[in-house]
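Novice: Here's a structure for you.
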Amino acid sequence: MNTTFARILHLLTSLERHYGLSGLDAEQRAIFDFIVQRTADGQSTTSHDVVAAKLTSRSSTYRHLVTLRQSGLICDDHREGQNTLTVTPKFGHFVEQLAQLPLSTVNAD
């Protein structure tokens, strides 16, 4: 296994344990991953965007968003007159670093 890949895998595993991501159910994880991906891509995300993605029913989506906020994984960010969802600043720093990794050079031998 490539050393860089092993380090990234170790980092992600540590992150899962530290932030309690393994405790999320499948729907919560899908919503969280959606928000993380959009954050990494530099896109803003509203609760309406999450509902429109149809990851789960509308009522379940709003319930899961409350749970994700209470767990400290996401927070509301009021910008340009709009309430957007973002990963918490401590987690957001990791997402920014991960987005900058040259993953195309990583290969699993």
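Identifiers in the structure tokens: chain A, B, ... in order shown; residue index from 1 per chain; ligand index from 1 in order shown.
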Do you know which residues are at most 10 Å from region 14-24 of chain A counting only C-alpha atoms, after dropping those on the same chain fewer than 6 positions away, and could you put them as number ranges by chain?

Specialist: A: 8, 30, 32, 64, 67-68, 71-73, 91, 94

Novice: If you measure from CA of Ala53 (chain A) to CA of Gln28 (chain A), what distance in Å do you get, rounded to one decimal?

Specialist: 13.4 Å

Novice: Which residue is closest to Arg58 (chain A)? Choose from A:Leu12, A:Glu27, A:Lys90, A:Phe34 and count only C-alpha atoms.

Specialist: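 Nearest to Arg58 (chain A): A:Glu27.
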
Novice: Within region 18-94 of chain A, find each residue whose DSSP state, derived from the backbone, is strand (DSSP E or B), and express the selection as a VMD selection string.

Specialist: chain A and resid 45 74 to 79 82 to 87

Novice: May I have the selected residues written with C-alpha atoms, as an mmCIF file, in the first residue's frame?

Specialist:
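Just written: again.cif:
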```
data_model
loop_
_atom_site.group_PDB
_atom_site.id
_atom_site.type_symbol
_atom_site.label_atom_id
_atom_site.label_comp_id
_atom_site.auth_asym_id
_atom_site.auth_seq_id
_atom_site.Cartn_x
_atom_site.Cartn_y
_atom_site.Cartn_z
ATOM 1 C CA THR A 45 -25.622 24.755 0.906
ATOM 2 C CA ILE A 74 -22.662 21.332 11.095
ATOM 3 C CA CYS A 75 -23.638 24.886 11.906
ATOM 4 C CA ASP A 76 -25.627 27.710 10.392
ATOM 5 C CA ASP A 77 -23.755 30.480 8.645
ATOM 6 C CA HIS A 78 -25.615 33.672 7.871
ATOM 7 C CA ARG A 79 -24.136 35.165 4.683
ATOM 8 C CA GLN A 82 -29.127 33.658 3.397
ATOM 9 C CA ASN A 83 -28.841 30.957 6.024
ATOM 10 C CA THR A 84 -26.353 28.382 4.765
ATOM 11 C CA LEU A 85 -25.222 25.121 6.290
ATOM 12 C CA THR A 86 -21.527 24.516 6.768
ATOM 13 C CA VAL A 87 -19.395 22.017 8.565
#
```
